[in-house]
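> Just one file: model12.tsv, with TSV, N, CA and C atoms.
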chain	number	residue	atom	x	y	z
A	1	MET	N	-22.64	11.25	-32.86
A	1	MET	CA	-22.25	11.70	-34.18
A	1	MET	C	-21.08	10.88	-34.72
A	2	GLN	N	-20.10	10.58	-33.86
A	2	GLN	CA	-18.94	9.80	-34.28
A	2	GLN	C	-19.37	8.43	-34.81
A	3	ARG	N	-20.37	7.80	-34.15
A	3	ARG	CA	-20.86	6.50	-34.60
A	3	ARG	C	-21.43	6.58	-35.99
A	4	VAL	N	-22.23	7.61	-36.25
A	4	VAL	CA	-22.85	7.77	-37.56
A	4	VAL	C	-21.78	7.97	-38.63
A	5	LEU	N	-20.78	8.78	-38.36
A	5	LEU	CA	-19.73	9.01	-39.34
A	5	LEU	C	-18.98	7.73	-39.67
A	6	PHE	N	-18.70	6.90	-38.67
A	6	PHE	CA	-17.99	5.65	-38.92
A	6	PHE	C	-18.82	4.73	-39.80
A	7	VAL	N	-20.10	4.58	-39.49
A	7	VAL	CA	-20.96	3.71	-40.29
A	7	VAL	C	-21.06	4.22	-41.71
A	8	VAL	N	-21.22	5.53	-41.88
A	8	VAL	CA	-21.29	6.10	-43.22
A	8	VAL	C	-19.98	5.89	-43.97
A	9	ALA	N	-18.85	6.07	-43.29
A	9	ALA	CA	-17.55	5.88	-43.93
A	9	ALA	C	-17.38	4.45	-44.41
A	10	ILE	N	-17.72	3.49	-43.57
A	10	ILE	CA	-17.62	2.08	-43.97
A	10	ILE	C	-18.56	1.80	-45.14
A	11	ALA	N	-19.76	2.35	-45.09
A	11	ALA	CA	-20.72	2.13	-46.17
A	11	ALA	C	-20.17	2.69	-47.49
A	12	LEU	N	-19.53	3.84	-47.43
A	12	LEU	CA	-18.96	4.42	-48.64
A	12	LEU	C	-17.84	3.57	-49.22
A	13	LEU	N	-17.17	2.82	-48.36
A	13	LEU	CA	-16.09	1.96	-48.84
A	13	LEU	C	-16.61	0.67	-49.46
A	14	GLY	N	-17.89	0.43	-49.37
A	14	GLY	CA	-18.43	-0.74	-50.05
A	14	GLY	C	-19.03	-1.77	-49.13
A	15	ALA	N	-19.78	-1.35	-48.13
A	15	ALA	CA	-20.50	-2.31	-47.31
A	15	ALA	C	-21.36	-3.15	-48.24
A	16	SER	N	-21.40	-4.45	-47.98
A	16	SER	CA	-22.09	-5.34	-48.89
A	16	SER	C	-22.51	-6.60	-48.17
A	17	SER	N	-22.91	-7.58	-48.93
A	17	SER	CA	-23.34	-8.83	-48.34
A	17	SER	C	-22.16	-9.62	-47.79
A	18	ALA	N	-22.46	-10.58	-46.94
A	18	ALA	CA	-21.41	-11.42	-46.36
A	18	ALA	C	-20.62	-12.14	-47.44
A	19	ALA	N	-21.27	-12.53	-48.51
A	19	ALA	CA	-20.57	-13.24	-49.58
A	19	ALA	C	-19.50	-12.36	-50.21
A	20	VAL	N	-19.81	-11.11	-50.46
A	20	VAL	CA	-18.83	-10.20	-51.05
A	20	VAL	C	-17.72	-9.89	-50.07
A	21	ALA	N	-18.06	-9.77	-48.78
A	21	ALA	CA	-17.05	-9.42	-47.77
A	21	ALA	C	-16.00	-10.51	-47.63
A	22	GLN	N	-16.28	-11.69	-48.13
A	22	GLN	CA	-15.33	-12.79	-48.03
A	22	GLN	C	-14.20	-12.69	-49.05
A	23	ASN	N	-14.16	-11.62	-49.86
A	23	ASN	CA	-13.10	-11.51	-50.85
A	23	ASN	C	-11.74	-11.20	-50.22
A	24	ALA	N	-11.71	-10.96	-48.94
A	24	ALA	CA	-10.47	-10.81	-48.18
A	24	ALA	C	-10.70	-11.50	-46.85
A	25	PRO	N	-9.65	-12.01	-46.23
A	25	PRO	CA	-9.84	-12.68	-44.94
A	25	PRO	C	-10.27	-11.70	-43.86
A	26	PRO	N	-10.89	-12.21	-42.79
A	26	PRO	CA	-11.26	-11.33	-41.68
A	26	PRO	C	-10.01	-10.77	-41.01
A	27	THR	N	-10.20	-9.72	-40.26
A	27	THR	CA	-9.11	-8.97	-39.63
A	27	THR	C	-8.04	-9.85	-38.99
A	28	TYR	N	-8.45	-10.70	-38.07
A	28	TYR	CA	-7.50	-11.49	-37.26
A	28	TYR	C	-6.73	-12.51	-38.09
A	29	GLU	N	-7.27	-12.93	-39.23
A	29	GLU	CA	-6.53	-13.83	-40.12
A	29	GLU	C	-5.64	-13.05	-41.08
A	30	ALA	N	-6.10	-11.90	-41.52
A	30	ALA	CA	-5.36	-11.11	-42.52
A	30	ALA	C	-4.10	-10.49	-41.95
A	31	ASP	N	-4.17	-9.99	-40.71
A	31	ASP	CA	-3.01	-9.28	-40.16
A	31	ASP	C	-2.91	-9.46	-38.65
A	32	PRO	N	-2.39	-10.62	-38.22
A	32	PRO	CA	-2.27	-10.86	-36.77
A	32	PRO	C	-1.28	-9.94	-36.06
A	33	SER	N	-0.49	-9.17	-36.82
A	33	SER	CA	0.39	-8.21	-36.16
A	33	SER	C	-0.39	-6.99	-35.66
A	34	VAL	N	-1.58	-6.77	-36.21
A	34	VAL	CA	-2.45	-5.66	-35.79
A	34	VAL	C	-3.63	-6.17	-34.97
A	35	TYR	N	-4.22	-7.29	-35.39
A	35	TYR	CA	-5.46	-7.80	-34.79
A	35	TYR	C	-5.19	-9.06	-33.98
A	36	LYS	N	-5.56	-9.05	-32.71
A	36	LYS	CA	-5.36	-10.21	-31.82
A	36	LYS	C	-6.69	-10.60	-31.18
A	37	ILE	N	-7.03	-11.87	-31.28
A	37	ILE	CA	-8.24	-12.35	-30.59
A	37	ILE	C	-7.92	-12.40	-29.10
A	38	ILE	N	-8.71	-11.69	-28.30
A	38	ILE	CA	-8.48	-11.67	-26.85
A	38	ILE	C	-9.55	-12.44	-26.09
A	39	PHE	N	-10.65	-12.80	-26.78
A	39	PHE	CA	-11.68	-13.65	-26.19
A	39	PHE	C	-12.49	-14.24	-27.32
A	40	GLU	N	-12.89	-15.51	-27.13
A	40	GLU	CA	-13.75	-16.15	-28.12
A	40	GLU	C	-14.50	-17.29	-27.47
A	41	ASP	N	-15.79	-17.37	-27.77
A	41	ASP	CA	-16.59	-18.53	-27.38
A	41	ASP	C	-17.57	-18.82	-28.52
A	42	GLN	N	-18.61	-19.58	-28.27
A	42	GLN	CA	-19.55	-19.96	-29.34
A	42	GLN	C	-20.37	-18.77	-29.82
A	43	ALA	N	-20.49	-17.73	-29.01
A	43	ALA	CA	-21.36	-16.61	-29.36
A	43	ALA	C	-20.62	-15.35	-29.82
A	44	PHE	N	-19.42	-15.11	-29.27
A	44	PHE	CA	-18.72	-13.85	-29.53
A	44	PHE	C	-17.24	-14.05	-29.82
A	45	ARG	N	-16.68	-13.08	-30.52
A	45	ARG	CA	-15.23	-12.98	-30.71
A	45	ARG	C	-14.86	-11.52	-30.41
A	46	VAL	N	-13.85	-11.34	-29.56
A	46	VAL	CA	-13.39	-9.99	-29.21
A	46	VAL	C	-11.96	-9.86	-29.72
A	47	ILE	N	-11.72	-8.79	-30.47
A	47	ILE	CA	-10.44	-8.60	-31.14
A	47	ILE	C	-9.86	-7.25	-30.72
A	48	ALA	N	-8.62	-7.27	-30.23
A	48	ALA	CA	-7.90	-6.03	-29.92
A	48	ALA	C	-7.10	-5.65	-31.16
A	49	ALA	N	-7.23	-4.41	-31.59
A	49	ALA	CA	-6.50	-3.92	-32.76
A	49	ALA	C	-5.59	-2.78	-32.33
A	50	THR	N	-4.32	-2.88	-32.71
A	50	THR	CA	-3.36	-1.80	-32.42
A	50	THR	C	-2.56	-1.50	-33.68
A	51	TRP	N	-2.71	-0.27	-34.16
A	51	TRP	CA	-1.92	0.22	-35.28
A	51	TRP	C	-0.86	1.16	-34.71
A	52	LYS	N	0.40	0.84	-34.93
A	52	LYS	CA	1.47	1.77	-34.58
A	52	LYS	C	1.37	2.98	-35.52
A	53	ALA	N	1.90	4.11	-35.10
A	53	ALA	CA	1.86	5.31	-35.94
A	53	ALA	C	2.46	5.01	-37.32
A	54	GLY	N	1.73	5.38	-38.37
A	54	GLY	CA	2.21	5.20	-39.74
A	54	GLY	C	1.95	3.83	-40.35
A	55	ILE	N	1.48	2.88	-39.57
A	55	ILE	CA	1.28	1.50	-40.06
A	55	ILE	C	-0.02	1.38	-40.85
A	56	THR	N	0.05	0.62	-41.95
A	56	THR	CA	-1.14	0.24	-42.71
A	56	THR	C	-1.30	-1.27	-42.56
A	57	ASP	N	-2.49	-1.70	-42.17
A	57	ASP	CA	-2.70	-3.14	-42.02
A	57	ASP	C	-2.88	-3.79	-43.39
A	58	LYS	N	-2.91	-5.11	-43.39
A	58	LYS	CA	-3.11	-5.88	-44.62
A	58	LYS	C	-4.59	-5.87	-44.98
A	59	SER	N	-4.86	-6.03	-46.25
A	59	SER	CA	-6.24	-6.05	-46.73
A	59	SER	C	-7.06	-7.09	-45.98
A	60	HIS	N	-8.23	-6.66	-45.52
A	60	HIS	CA	-9.08	-7.54	-44.71
A	60	HIS	C	-10.55	-7.16	-44.94
A	61	SER	N	-11.43	-7.98	-44.39
A	61	SER	CA	-12.86	-7.70	-44.46
A	61	SER	C	-13.47	-7.81	-43.07
A	62	HIS	N	-14.71	-7.38	-42.97
A	62	HIS	CA	-15.52	-7.58	-41.77
A	62	HIS	C	-16.73	-8.39	-42.22
A	63	PRO	N	-16.65	-9.72	-42.14
A	63	PRO	CA	-17.70	-10.57	-42.70
A	63	PRO	C	-18.99	-10.62	-41.87
A	64	VAL	N	-18.93	-10.10	-40.65
A	64	VAL	CA	-20.12	-10.04	-39.80
A	64	VAL	C	-20.20	-8.63	-39.19
A	65	PRO	N	-21.40	-8.16	-38.87
A	65	PRO	CA	-21.51	-6.87	-38.20
A	65	PRO	C	-20.83	-6.95	-36.83
A	66	SER	N	-20.28	-5.83	-36.40
A	66	SER	CA	-19.61	-5.80	-35.10
A	66	SER	C	-19.74	-4.42	-34.48
A	67	VAL	N	-19.19	-4.30	-33.29
A	67	VAL	CA	-19.12	-3.01	-32.59
A	67	VAL	C	-17.65	-2.74	-32.32
A	68	ALA	N	-17.23	-1.50	-32.54
A	68	ALA	CA	-15.86	-1.10	-32.25
A	68	ALA	C	-15.86	-0.10	-31.11
A	69	TYR	N	-14.96	-0.29	-30.16
A	69	TYR	CA	-14.77	0.63	-29.04
A	69	TYR	C	-13.37	1.21	-29.16
A	70	SER	N	-13.26	2.52	-29.17
A	70	SER	CA	-11.97	3.17	-29.32
A	70	SER	C	-11.32	3.36	-27.95
A	71	VAL	N	-10.18	2.70	-27.76
A	71	VAL	CA	-9.43	2.80	-26.50
A	71	VAL	C	-8.64	4.10	-26.47
A	72	THR	N	-8.15	4.53	-27.62
A	72	THR	CA	-7.36	5.76	-27.74
A	72	THR	C	-7.98	6.65	-28.82
A	73	ASP	N	-7.60	7.91	-28.83
A	73	ASP	CA	-7.93	8.77	-29.96
A	73	ASP	C	-7.17	8.23	-31.17
A	74	CYS	N	-7.83	8.20	-32.31
A	74	CYS	CA	-7.21	7.63	-33.51
A	74	CYS	C	-7.40	8.55	-34.71
A	75	ALA	N	-6.50	8.40	-35.65
A	75	ALA	CA	-6.61	9.04	-36.96
A	75	ALA	C	-6.35	7.94	-37.99
A	76	LEU	N	-7.40	7.46	-38.62
A	76	LEU	CA	-7.30	6.35	-39.56
A	76	LEU	C	-7.72	6.76	-40.95
A	77	LYS	N	-7.04	6.22	-41.94
A	77	LYS	CA	-7.45	6.38	-43.33
A	77	LYS	C	-7.81	5.00	-43.85
A	78	LEU	N	-9.07	4.80	-44.24
A	78	LEU	CA	-9.53	3.53	-44.79
A	78	LEU	C	-9.48	3.61	-46.31
A	79	THR	N	-8.96	2.56	-46.93
A	79	THR	CA	-8.86	2.51	-48.39
A	79	THR	C	-9.49	1.23	-48.89
A	80	SER	N	-10.49	1.37	-49.76
A	80	SER	CA	-11.17	0.20	-50.32
A	80	SER	C	-10.33	-0.40	-51.45
A	81	ALA	N	-10.73	-1.57	-51.89
A	81	ALA	CA	-10.01	-2.28	-52.95
A	81	ALA	C	-9.97	-1.46	-54.25
A	82	ASP	N	-10.98	-0.61	-54.46
A	82	ASP	CA	-11.00	0.20	-55.68
A	82	ASP	C	-10.33	1.56	-55.51
A	83	GLY	N	-9.68	1.78	-54.35
A	83	GLY	CA	-8.91	2.99	-54.14
A	83	GLY	C	-9.63	4.14	-53.45
A	84	LYS	N	-10.92	3.99	-53.19
A	84	LYS	CA	-11.64	5.04	-52.46
A	84	LYS	C	-11.10	5.15	-51.04
A	85	THR	N	-10.97	6.37	-50.54
A	85	THR	CA	-10.46	6.56	-49.18
A	85	THR	C	-11.45	7.38	-48.35
A	86	VAL	N	-11.43	7.11	-47.06
A	86	VAL	CA	-12.23	7.83	-46.08
A	86	VAL	C	-11.38	7.99	-44.84
A	87	ASN	N	-11.36	9.19	-44.27
A	87	ASN	CA	-10.64	9.43	-43.02
A	87	ASN	C	-11.60	9.35	-41.85
A	88	LEU	N	-11.16	8.69	-40.78
A	88	LEU	CA	-11.93	8.56	-39.54
A	88	LEU	C	-11.09	9.04	-38.38
A	89	ASN	N	-11.74	9.64	-37.40
A	89	ASN	CA	-11.04	10.13	-36.20
A	89	ASN	C	-11.83	9.76	-34.95
A	90	PRO	N	-11.95	8.45	-34.65
A	90	PRO	CA	-12.69	8.07	-33.44
A	90	PRO	C	-11.96	8.55	-32.19
A	91	LYS	N	-12.73	9.02	-31.23
A	91	LYS	CA	-12.18	9.51	-29.97
A	91	LYS	C	-12.21	8.41	-28.92
A	92	ALA	N	-11.24	8.42	-28.02
A	92	ALA	CA	-11.18	7.44	-26.93
A	92	ALA	C	-12.50	7.45	-26.17
A	93	GLY	N	-12.98	6.25	-25.87
A	93	GLY	CA	-14.21	6.10	-25.10
A	93	GLY	C	-15.47	6.08	-25.93
A	94	THR	N	-15.34	6.19	-27.26
A	94	THR	CA	-16.53	6.13	-28.11
A	94	THR	C	-16.68	4.74	-28.72
A	95	SER	N	-17.90	4.42	-29.08
A	95	SER	CA	-18.15	3.15	-29.75
A	95	SER	C	-18.94	3.42	-31.02
A	96	MET	N	-18.87	2.46	-31.93
A	96	MET	CA	-19.53	2.63	-33.22
A	96	MET	C	-19.87	1.27	-33.81
A	97	ALA	N	-20.91	1.25	-34.63
A	97	ALA	CA	-21.28	0.03	-35.34
A	97	ALA	C	-20.36	-0.13	-36.54
A	98	VAL	N	-19.96	-1.37	-36.82
A	98	VAL	CA	-19.16	-1.69	-38.00
A	98	VAL	C	-19.98	-2.67	-38.83
A	99	PRO	N	-20.49	-2.23	-39.98
A	99	PRO	CA	-21.30	-3.14	-40.80
A	99	PRO	C	-20.43	-4.16	-41.53
A	100	ILE	N	-21.06	-5.12	-42.14
A	100	ILE	CA	-20.35	-6.05	-43.03
A	100	ILE	C	-19.62	-5.20	-44.06
A	101	THR	N	-18.32	-5.44	-44.22
A	101	THR	CA	-17.51	-4.59	-45.08
A	101	THR	C	-16.56	-5.44	-45.93
A	102	ALA	N	-16.53	-5.13	-47.20
A	102	ALA	CA	-15.64	-5.85	-48.14
A	102	ALA	C	-14.19	-5.43	-47.93
A	103	SER	N	-13.34	-5.97	-48.73
A	103	SER	CA	-11.89	-5.78	-48.65
A	103	SER	C	-11.48	-4.31	-48.56
A	104	HIS	N	-10.64	-4.00	-47.58
A	104	HIS	CA	-10.10	-2.66	-47.39
A	104	HIS	C	-8.87	-2.73	-46.48
A	105	THR	N	-8.16	-1.61	-46.38
A	105	THR	CA	-7.06	-1.48	-45.44
A	105	THR	C	-7.33	-0.28	-44.54
A	106	ALA	N	-6.64	-0.26	-43.40
A	106	ALA	CA	-6.72	0.89	-42.49
A	106	ALA	C	-5.29	1.33	-42.18
A	107	GLN	N	-5.04	2.62	-42.34
A	107	GLN	CA	-3.72	3.17	-42.05
A	107	GLN	C	-3.84	4.16	-40.89
A	108	ASN	N	-2.94	4.02	-39.92
A	108	ASN	CA	-2.87	4.99	-38.83
A	108	ASN	C	-2.10	6.19	-39.35
A	109	VAL	N	-2.80	7.28	-39.63
A	109	VAL	CA	-2.16	8.48	-40.15
A	109	VAL	C	-1.83	9.46	-39.02
A	110	GLY	N	-2.05	9.03	-37.78
A	110	GLY	CA	-1.74	9.86	-36.63
A	110	GLY	C	-0.30	9.68	-36.18
A	111	SER	N	0.07	10.43	-35.15
A	111	SER	CA	1.44	10.39	-34.63
A	111	SER	C	1.58	9.48	-33.41
A	112	THR	N	0.48	8.88	-32.96
A	112	THR	CA	0.52	7.97	-31.82
A	112	THR	C	-0.18	6.66	-32.19
A	113	ASP	N	0.02	5.63	-31.36
A	113	ASP	CA	-0.65	4.35	-31.61
A	113	ASP	C	-2.16	4.52	-31.53
A	114	CYS	N	-2.86	3.74	-32.32
A	114	CYS	CA	-4.33	3.71	-32.33
A	114	CYS	C	-4.76	2.34	-31.82
A	115	GLN	N	-5.65	2.32	-30.83
A	115	GLN	CA	-6.14	1.06	-30.28
A	115	GLN	C	-7.66	1.02	-30.29
A	116	LEU	N	-8.20	-0.05	-30.87
A	116	LEU	CA	-9.64	-0.31	-30.89
A	116	LEU	C	-9.89	-1.72	-30.39
A	117	VAL	N	-11.09	-1.95	-29.89
A	117	VAL	CA	-11.54	-3.30	-29.56
A	117	VAL	C	-12.78	-3.57	-30.40
A	118	LEU	N	-12.77	-4.68	-31.15
A	118	LEU	CA	-13.91	-5.07	-31.98
A	118	LEU	C	-14.62	-6.24	-31.30
A	119	ILE	N	-15.94	-6.15	-31.23
A	119	ILE	CA	-16.75	-7.23	-30.66
A	119	ILE	C	-17.66	-7.75	-31.77
A	120	GLU	N	-17.47	-9.03	-32.12
A	120	GLU	CA	-18.24	-9.66	-33.19
A	120	GLU	C	-19.16	-10.71	-32.62
A	121	ARG	N	-20.40	-10.74	-33.06
A	121	ARG	CA	-21.29	-11.83	-32.72
A	121	ARG	C	-21.13	-12.90	-33.79
A	122	LYS	N	-20.97	-14.15	-33.35
A	122	LYS	CA	-20.75	-15.23	-34.32
A	122	LYS	C	-22.05	-15.78	-34.84
Could the structure of this file be written out as structure tokens, please?

Amino acid sequence: MQRVLFVVAIALLGASSAAVAQNAPPTYEADPSVYKIIFEDQAFRVIAATWKAGITDKSHSHPVPSVAYSVTDCALKLTSADGKTVNLNPKAGTSMAVPITASHTAQNVGSTDCQLVLIERK
């Protein structure tokens, strides 16, 4: 159920074609203080994301479909470029599909750090 909610939330924020998703840089380029590449080869890129409590990352996109694995319980508020918001609460140990997504931000609205791992196929 958590996976379905995440995909629906991203879709509501404006999932679109790869061309539209390029209106903001990808996660690891947009905000290296939150997103760190921890592995990369010709086929995959793995990104560790850590939002400190209260932090909002910089506007970014997801130009390719990916999978997110939640390392910790999280409380995130996603905000699209047009101001639409969606709240997500992924639980530690769950995974979810992340579709191609246009420009948005993610804010940790919880009281503890939020950690996710994103796996992108290149």
> Please return as a list in words: the residues of range 65-112 of chain A that backbone DSSP assigns to strand (DSSP E).
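Of range 65-112 of chain A, only Ser66, Val67, Ala68, Tyr69, Ser70, Leu76, Lys77, Leu78, Thr79, Ser80, Thr85, Val86, Asn87, Leu88, Ser95, Met96, Ala97, Val98, Thr101, Ala102, Ser103, His104, Thr105, Ala106, Gln107 and Asn108 of chain A fall in strand (DSSP E).
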> Could you check how far CA of Cys74 in chain A sits from CA of Gln115 in chain A, in Å to one decimal?
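For CA of Cys74 in chain A relative to CA of Gln115 in chain A, the distance reads 7.4 Å.
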> Using DSSP on the backbone coordinates, identify all residues within chain A classified as alpha helix (DSSP H); present the result as a PyMOL selection string.
chain A and resi 2-12+18-21+27-30
> How many Å separate CA of Gly54 in chain A from atom C of Ile100 in chain A?
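Distance between the two atoms: 24.6 Å.
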> Considering only C-alpha atoms, return as a PyMOL selection string whatever protein or nucleic-acid residues lie within 7 Å of Leu78 in chain A, sequence-local ones (same chain, fewer than 6 positions apart) excluded.
chain A and resi 85-87+104-107
> One number please: atom N of Asp82 in chain A to atom N of Val98 in chain A, in Å, one decimal.
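Going from atom N of Asp82 in chain A over to atom N of Val98 in chain A covers 19.8 Å.
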> From the options A:Gly83, A:Pro99, A:Pro90, A:Pro65, which residue's atoms come nearest to Arg121 in chain A, counting all atoms listed in the file?
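The answer is A:Pro65, which sits nearest to Arg121 in chain A.
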> Could you check the closest approach to Lys36 in chain A for each of A:Asn23, A:Thr50, A:Lys122, A:Leu76 and tell me which residue wins, using only C-alpha atoms?
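Looking only at the distances to Lys36 in chain A, the closest residue turns out to be A:Thr50.
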> For a cut-off of 6.5 Å around (-11.6, -7.6, -43.4), file coordinates, pick out all residues using only N, CA and C atoms and list them as an MDAnalysis selection string.
chainID A and resid 24:27 59:63 101:104
> Which residues are near Ala68 in chain A? Cut-off 6 Å, all atoms listed in the file, ignore same chain within fewer than 2 positions. Put them as a PyMOL selection string.
chain A and resi 66+70+94-98+117-119
> Using only N, CA and C atoms for the distances, tell me which of A:Ala75, A:Cys114, A:Ala49, A:Val64 is nearest to Asn89 in chain A.
A:Ala75
